[in-house]
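**Q** Below is structure.pdb; it holds PDB, C-alpha atoms.
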MODEL        1
ATOM      1  CA  MET A   1     317.300-158.988  37.163
ATOM      2  CA  ALA A   2     315.861-160.957  34.382
ATOM      3  CA  ARG A   3     314.806-159.333  31.204
ATOM      4  CA  PHE A   4     311.615-160.240  29.559
ATOM      5  CA  GLY A   5     311.219-160.269  25.882
ATOM      6  CA  THR A   6     308.392-158.670  24.004
ATOM      7  CA  ALA A   7     306.970-162.088  23.259
ATOM      8  CA  ARG A   8     306.569-162.725  26.968
ATOM      9  CA  LEU A   9     305.529-159.176  27.825
ATOM     10  CA  MET A  10     302.581-158.909  25.414
ATOM     11  CA  PRO A  11     300.402-161.609  27.034
ATOM     12  CA  MET A  12     301.113-160.071  30.458
ATOM     13  CA  ILE A  13     300.068-156.584  29.299
ATOM     14  CA  ALA A  14     296.950-158.023  27.708
ATOM     15  CA  ALA A  15     296.068-159.855  30.969
ATOM     16  CA  LEU A  16     296.570-156.632  32.975
ATOM     17  CA  GLY A  17     294.373-154.749  30.495
ATOM     18  CA  VAL A  18     291.587-157.328  30.837
ATOM     19  CA  ALA A  19     291.836-157.209  34.666
ATOM     20  CA  PHE A  20     291.712-153.399  34.590
ATOM     21  CA  ALA A  21     288.663-153.442  32.298
ATOM     22  CA  ILE A  22     286.902-155.899  34.623
ATOM     23  CA  ALA A  23     287.709-153.770  37.675
ATOM     24  CA  VAL A  24     286.459-150.585  36.015
ATOM     25  CA  SER A  25     283.237-152.151  34.715
ATOM     26  CA  GLY A  26     282.342-153.403  38.220
ATOM     27  CA  CYS A  27     282.215-157.097  37.546
ATOM     28  CA  GLY A  28     281.876-158.026  41.245
ATOM     29  CA  ARG A  29     278.973-155.608  41.986
ATOM     30  CA  GLY A  30     276.261-157.539  40.230
ATOM     31  CA  PRO A  31     274.204-156.341  37.294
ATOM     32  CA  SER A  32     274.715-152.703  36.403
ATOM     33  CA  GLN A  33     271.873-150.278  35.904
ATOM     34  CA  ALA A  34     272.732-150.019  32.243
ATOM     35  CA  ASP A  35     271.343-153.563  31.847
ATOM     36  CA  ASP A  36     268.007-152.502  33.384
ATOM     37  CA  LEU A  37     265.604-151.836  30.498
ATOM     38  CA  THR A  38     263.420-149.408  32.519
ATOM     39  CA  SER A  39     266.258-147.010  33.304
ATOM     40  CA  ASP A  40     267.789-144.671  30.734
ATOM     41  CA  THR A  41     270.777-143.520  32.773
ATOM     42  CA  SER A  42     273.406-145.216  34.872
ATOM     43  CA  ALA A  43     274.078-144.642  38.562
ATOM     44  CA  TYR A  44     277.140-142.553  37.705
ATOM     45  CA  ASP A  45     275.015-140.060  35.742
ATOM     46  CA  GLN A  46     272.448-139.644  38.542
ATOM     47  CA  PHE A  47     274.785-138.685  41.404
ATOM     48  CA  GLU A  48     277.608-136.182  41.343
ATOM     49  CA  ASP A  49     280.881-136.829  43.083
ATOM     50  CA  THR A  50     281.057-133.953  45.582
ATOM     51  CA  ASN A  51     284.249-134.800  47.464
ATOM     52  CA  ASN A  52     286.466-135.519  44.393
ATOM     53  CA  ASP A  53     288.101-138.579  45.863
ATOM     54  CA  SER A  54     289.938-141.198  43.881
ATOM     55  CA  GLY A  55     286.727-142.939  42.784
ATOM     56  CA  LEU A  56     287.295-146.033  44.893
ATOM     57  CA  TYR A  57     284.524-145.107  47.338
ATOM     58  CA  THR A  58     280.997-144.717  45.943
ATOM     59  CA  GLU A  59     278.065-143.372  47.947
ATOM     60  CA  THR A  60     274.849-145.357  48.123
ATOM     61  CA  PRO A  61     271.899-143.369  46.860
ATOM     62  CA  THR A  62     269.429-142.291  49.587
ATOM     63  CA  ALA A  63     266.418-141.603  47.361
ATOM     64  CA  SER A  64     265.049-144.108  44.936
ATOM     65  CA  VAL A  65     264.149-142.807  41.546
ATOM     66  CA  THR A  66     260.954-144.301  40.178
ATOM     67  CA  PRO A  67     259.750-143.632  36.675
ATOM     68  CA  GLU A  68     256.465-141.764  36.399
ATOM     69  CA  PRO A  69     253.563-143.914  35.235
ATOM     70  CA  GLU A  70     252.337-143.454  31.731
ATOM     71  CA  VAL A  71     249.141-141.465  31.484
ATOM     72  CA  THR A  72     246.733-142.779  28.942
ATOM     73  CA  PRO A  73     244.031-140.375  27.857
ATOM     74  CA  THR A  74     240.541-141.516  28.716
ATOM     75  CA  PRO A  75     237.913-141.171  26.036
ATOM     76  CA  ALA A  76     235.229-138.552  26.630
ATOM     77  CA  PRO A  77     232.048-140.053  28.064
ATOM     78  CA  THR A  78     229.228-140.388  25.633
ATOM     79  CA  PRO A  79     226.112-138.515  26.719
ATOM     80  CA  THR A  80     223.237-140.715  27.718
ATOM     81  CA  PRO A  81     219.760-139.611  26.720
ATOM     82  CA  THR A  82     217.595-138.421  29.563
ATOM     83  CA  PRO A  83     214.328-140.313  29.779
ATOM     84  CA  ALA A  84     211.171-138.317  29.254
ATOM     85  CA  PRO A  85     209.614-137.216  32.547
ATOM     86  CA  THR A  86     206.555-139.094  33.618
ATOM     87  CA  ALA A  87     203.699-137.669  35.593
ATOM     88  CA  THR A  88     203.916-138.928  39.150
ATOM     89  CA  PRO A  89     201.472-137.914  41.825
ATOM     90  CA  THR A  90     202.921-135.612  44.438
ATOM     91  CA  PRO A  91     202.118-136.728  47.962
ATOM     92  CA  ALA A  92     200.256-134.259  50.121
ATOM     93  CA  PRO A  93     202.533-132.439  52.544
ATOM     94  CA  THR A  94     202.261-133.640  56.087
ATOM     95  CA  ALA A  95     202.230-131.006  58.770
ATOM     96  CA  ALA A  96     203.671-131.431  62.218
ATOM     97  CA  PRO A  97     200.982-132.242  64.746
ATOM     98  CA  ILE A  98     199.624-129.177  66.503
ATOM     99  CA  ASP A  99     198.993-129.177  70.210
ATOM    100  CA  LEU A 100     195.216-129.278  70.620
ATOM    101  CA  ALA A 101     195.368-126.664  73.360
ATOM    102  CA  TYR A 102     196.566-124.129  70.750
ATOM    103  CA  ALA A 103     194.459-125.232  67.757
ATOM    104  CA  LEU A 104     191.886-122.863  66.263
ATOM    105  CA  ARG A 105     188.426-123.237  67.821
ATOM    106  CA  VAL A 106     184.850-122.523  66.808
ATOM    107  CA  THR A 107     183.343-120.743  69.804
ATOM    108  CA  ASN A 108     179.864-119.895  68.500
ATOM    109  CA  VAL A 109     177.609-120.778  65.531
ATOM    110  CA  LYS A 110     174.423-118.782  64.786
ATOM    111  CA  ALA A 111     172.151-119.964  61.967
ATOM    112  CA  GLU A 112     169.499-117.605  60.538
ATOM    113  CA  THR A 113     167.023-118.933  58.002
ATOM    114  CA  SER A 114     165.236-116.957  55.328
ATOM    115  CA  GLY A 115     162.591-118.120  52.867
ATOM    116  CA  VAL A 116     159.238-119.876  52.900
ATOM    117  CA  LEU A 117     158.337-123.489  53.709
ATOM    118  CA  SER A 118     160.996-125.806  52.248
ATOM    119  CA  PHE A 119     162.605-123.059  50.153
ATOM    120  CA  LYS A 120     164.723-121.702  53.003
ATOM    121  CA  THR A 121     168.387-120.752  52.904
ATOM    122  CA  VAL A 122     170.660-120.462  55.917
ATOM    123  CA  THR A 123     173.145-117.723  56.780
ATOM    124  CA  ALA A 124     175.630-119.017  59.364
ATOM    125  CA  THR A 125     177.685-116.670  61.538
ATOM    126  CA  VAL A 126     180.681-118.619  62.861
ATOM    127  CA  GLN A 127     182.987-117.215  65.552
ATOM    128  CA  VAL A 128     186.589-118.588  65.386
ATOM    129  CA  MET A 129     189.231-118.023  68.089
ATOM    130  CA  ASN A 130     193.035-118.413  68.181
ATOM    131  CA  PRO A 131     193.905-119.436  71.779
ATOM    132  CA  SER A 132     197.657-119.017  71.288
ATOM    133  CA  PHE A 133     199.119-115.788  72.685
ATOM    134  CA  LEU A 134     202.420-116.251  70.835
ATOM    135  CA  MET A 135     201.798-117.609  67.334
ATOM    136  CA  GLN A 136     199.663-116.835  64.335
ATOM    137  CA  ARG A 137     197.500-119.822  63.348
ATOM    138  CA  ALA A 138     195.921-120.822  60.040
ATOM    139  CA  GLY A 139     193.291-123.364  59.201
ATOM    140  CA  THR A 140     190.255-124.267  57.151
ATOM    141  CA  LEU A 141     186.766-123.414  58.353
ATOM    142  CA  VAL A 142     184.295-126.101  57.240
ATOM    143  CA  VAL A 143     180.611-125.085  57.348
ATOM    144  CA  THR A 144     178.112-127.872  56.674
ATOM    145  CA  PHE A 145     174.508-127.051  55.706
ATOM    146  CA  THR A 146     171.802-129.666  56.279
ATOM    147  CA  LYS A 147     168.122-130.091  55.343
ATOM    148  CA  LYS A 148     166.069-132.446  57.538
ATOM    149  CA  GLY A 149     169.348-133.939  58.839
ATOM    150  CA  ALA A 150     170.849-134.692  55.398
ATOM    151  CA  ILE A 151     173.960-132.801  54.202
ATOM    152  CA  VAL A 152     173.125-130.607  51.216
ATOM    153  CA  GLU A 153     176.216-128.391  50.983
ATOM    154  CA  THR A 154     179.698-128.032  52.470
ATOM    155  CA  ARG A 155     181.682-124.791  52.227
ATOM    156  CA  ARG A 156     185.393-124.391  53.029
ATOM    157  CA  ILE A 157     187.046-121.077  53.919
ATOM    158  CA  THR A 158     190.723-120.430  54.667
ATOM    159  CA  VAL A 159     191.199-118.765  58.047
ATOM    160  CA  VAL A 160     194.314-116.932  59.326
ATOM    161  CA  LEU A 161     194.223-115.477  62.848
ATOM    162  CA  ASP A 162     196.823-113.450  64.732
ATOM    163  CA  PRO A 163     197.702-114.394  68.334
ATOM    164  CA  ALA A 164     194.667-114.221  70.673
ATOM    165  CA  GLU A 165     192.364-112.994  67.854
ATOM    166  CA  ILE A 166     188.642-113.772  67.636
ATOM    167  CA  ARG A 167     186.846-113.229  64.303
ATOM    168  CA  ASP A 168     183.320-113.767  62.948
ATOM    169  CA  TYR A 169     182.719-115.308  59.505
ATOM    170  CA  LYS A 170     179.350-115.125  57.685
ATOM    171  CA  VAL A 171     178.595-117.920  55.236
ATOM    172  CA  LYS A 172     175.355-118.204  53.214
ATOM    173  CA  SER A 173     174.136-121.469  51.710
ATOM    174  CA  ASN A 174     173.532-121.734  47.971
ATOM    175  CA  GLU A 175     171.244-124.748  48.384
ATOM    176  CA  TYR A 176     168.021-124.933  50.366
ATOM    177  CA  ALA A 177     168.822-125.819  53.992
ATOM    178  CA  ASP A 178     167.389-125.498  57.488
ATOM    179  CA  ALA A 179     170.505-125.833  59.764
ATOM    180  CA  ALA A 180     174.254-125.283  59.814
ATOM    181  CA  THR A 181     177.233-126.693  61.758
ATOM    182  CA  ALA A 182     180.862-125.586  61.695
ATOM    183  CA  ASP A 183     184.292-126.980  62.497
ATOM    184  CA  VAL A 184     187.814-125.680  61.931
ATOM    185  CA  LEU A 185     190.847-127.739  60.882
ATOM    186  CA  THR A 186     194.111-126.170  62.036
ATOM    187  CA  THR A 187     196.905-126.543  59.481
ATOM    188  CA  GLN A 188     199.600-124.307  60.940
TER
ENDMDL
END
I need this file expressed as structure tokens, please.

**A**
Amino acid sequence: MARFGTARLMPMIAALGVAFAIAVSGCGRGPSQADDLTSDTSAYDQFEDTNNDSGLYTETPTASVTPEPEVTPTPAPTPTPTPAPTATPTPAPTAAPIDLAYALRVTNVKAETSGVLSFKTVTATVQVMNPSFLMQRAGTLVVTFTKKGAIVETRRITVVLDPAEIRDYKVKSNEYADAATADVLTTQ
């Protein structure tokens, strides 16, 4: 067997040391995670060796670890001034159409005059009927007073009748008149 001198042995030991360092650092695996600027730890720190083998076999990680995104605080919204309210006309409410068979009806109008010559006033007795047997109805009674065919006064009265109710309303004119007519407008 040949003996080697220390002069020959030193370069061989140095070459073995370099090869060992390359094998340990994982030169053939590609770039290590320590080179990645987004990661603070290496793969060896993230996974524990559970079977205590010789270290030649490494498990591939099953879950990827992603860094949490940075949360930047959003500035508080600045309050916007509320514009001053403006007066807008409110549209008149529209009622559902009522079946004419169940609308309030004027069944009788009696006009009695009092006074002398052209200074007469009229007292109208108007009979209003609710033909519905199931529902209460409401409406507006419109009594029109005339003198020689010309309208001199119109009076409006709110009317509410229970089911199948008939009621008389007496209305006296404030102006001089000689006749009266009546109609009812059902609103409910």

**Q** Leaving out Arg137 in chain A and any residue of its chain fewer than 5 positions from it, which residues lie within 6 Å of it when counting all atoms listed in the file, given as a ChimeraX atom specification?

**A** /A:160-161,188

**Q** To verify the selection step, state as a CSV table (one decimal) with C-alpha atoms, in the coordinates of the input which residues the PyMOL selection byres ((chain A and resi 131) around 7) yields on this input.

**A**
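As a result, expr36.csv now contains:
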chain,number,residue,atom,x,y,z
A,102,TYR,CA,196.6,-124.1,70.8
A,104,LEU,CA,191.9,-122.9,66.3
A,129,MET,CA,189.2,-118.0,68.1
A,130,ASN,CA,193.0,-118.4,68.2
A,132,SER,CA,197.7,-119.0,71.3
A,133,PHE,CA,199.1,-115.8,72.7
A,164,ALA,CA,194.7,-114.2,70.7

**Q** When the PyMOL selection byres ((chain A and resi 109) around 6) is applied to the structure above, which residues does it catch, written out as a list of chain:residue names?

**A**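 Taken on the displayed file, the PyMOL selection byres ((chain A and resi 109) around 6) yields the residues A:Asn108, A:Lys110, A:Thr125, A:Val126.
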
**Q** Near Val116 in chain A, within 12 Å and counting all atoms listed in the file, which residues show up once chain neighbours fewer than 4 positions away are dropped, as a PyMOL selection string?

**A** chain A and resi 120-122+176-178

**Q** To verify the selection step, state as a list in words which residues the PyMOL selection byres ((chain A and resi 139) around 12) yields on this input.

**A**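 Applied to this file, the PyMOL selection byres ((chain A and resi 139) around 12) selects Ala95, Ile98, Ala103, Leu104, Arg105, Val106, Val128, Met129, Asn130, Gln136, Arg137, Ala138, Thr140, Leu141, Val142, Arg156, Ile157, Thr158, Val159, Val160, Leu161, Asp162, Asp183, Val184, Leu185, Thr186, Thr187 and Gln188 of chain A.
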
**Q** What does the file look like for those residues with C-alpha atoms, as a CSV table (one decimal), in the frame of the given file?

**A**
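out15.csv written:
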chain,number,residue,atom,x,y,z
A,95,ALA,CA,202.2,-131.0,58.8
A,98,ILE,CA,199.6,-129.2,66.5
A,103,ALA,CA,194.5,-125.2,67.8
A,104,LEU,CA,191.9,-122.9,66.3
A,105,ARG,CA,188.4,-123.2,67.8
A,106,VAL,CA,184.8,-122.5,66.8
A,128,VAL,CA,186.6,-118.6,65.4
A,129,MET,CA,189.2,-118.0,68.1
A,130,ASN,CA,193.0,-118.4,68.2
A,136,GLN,CA,199.7,-116.8,64.3
A,137,ARG,CA,197.5,-119.8,63.3
A,138,ALA,CA,195.9,-120.8,60.0
A,140,THR,CA,190.3,-124.3,57.2
A,141,LEU,CA,186.8,-123.4,58.4
A,142,VAL,CA,184.3,-126.1,57.2
A,156,ARG,CA,185.4,-124.4,53.0
A,157,ILE,CA,187.0,-121.1,53.9
A,158,THR,CA,190.7,-120.4,54.7
A,159,VAL,CA,191.2,-118.8,58.0
A,160,VAL,CA,194.3,-116.9,59.3
A,161,LEU,CA,194.2,-115.5,62.8
A,162,ASP,CA,196.8,-113.4,64.7
A,183,ASP,CA,184.3,-127.0,62.5
A,184,VAL,CA,187.8,-125.7,61.9
A,185,LEU,CA,190.8,-127.7,60.9
A,186,THR,CA,194.1,-126.2,62.0
A,187,THR,CA,196.9,-126.5,59.5
A,188,GLN,CA,199.6,-124.3,60.9

**Q** Go through A:Val152, A:Leu117, A:Ile166, A:Ala111 one by one, measure the shortest atom-to-atom distance of each to Ala179 in chain A using all atoms listed in the file, and give the residue with the smallest value.

**A**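 With all atoms listed in the file as the atom set, the closest residue is A:Ala111.
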
**Q** Restricting the calculation to all atoms listed in the file: of A:Lys170, A:Lys148, A:Ala21, A:Thr78, which residue gets closest to Glu112 in chain A?

**A**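 Closest to Glu112 in chain A of all the choices is A:Lys170.
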
**Q** How many Å lie between CA of Gly115 in chain A and CA of Gln127 in chain A, rounded to one decimal?

**A** 24.0 Å

**Q** Around all the atoms of range 132-146 of chain A listed in the file, with 8 Å of room on each side, what axis-aligned box do you get, giving centre and edge lengths in Å to one decimal, as JSON?

**A**
{"center_x": 187.1, "center_y": -122.7, "center_z": 64.2, "size_x": 46.6, "size_y": 29.9, "size_z": 33.0}

**Q** Rounded to one decimal in Å, what is the spacing between CA of Phe119 in chain A and CA of Glu153 in chain A?

**A**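 These two atoms are separated by 14.6 Å.
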
**Q** Rank nothing, just name the residue among A:Leu9, A:Val171, A:Ala14, A:Ala76 nearest to Arg155 in chain A, using all atoms listed in the file.

**A** A:Val171

**Q** Please report the interatomic distance between CA of Ser173 in chain A and CA of Thr107 in chain A in Å with one decimal.

**A**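 Computed distance, CA of Ser173 in chain A to CA of Thr107 in chain A, equals 20.3 Å.
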
**Q** Pick out the closest residue to Thr113 in chain A from this set: A:Val143, A:Ala180, A:Pro163, A:Thr74. Count only C-alpha atoms.

**A** A:Ala180
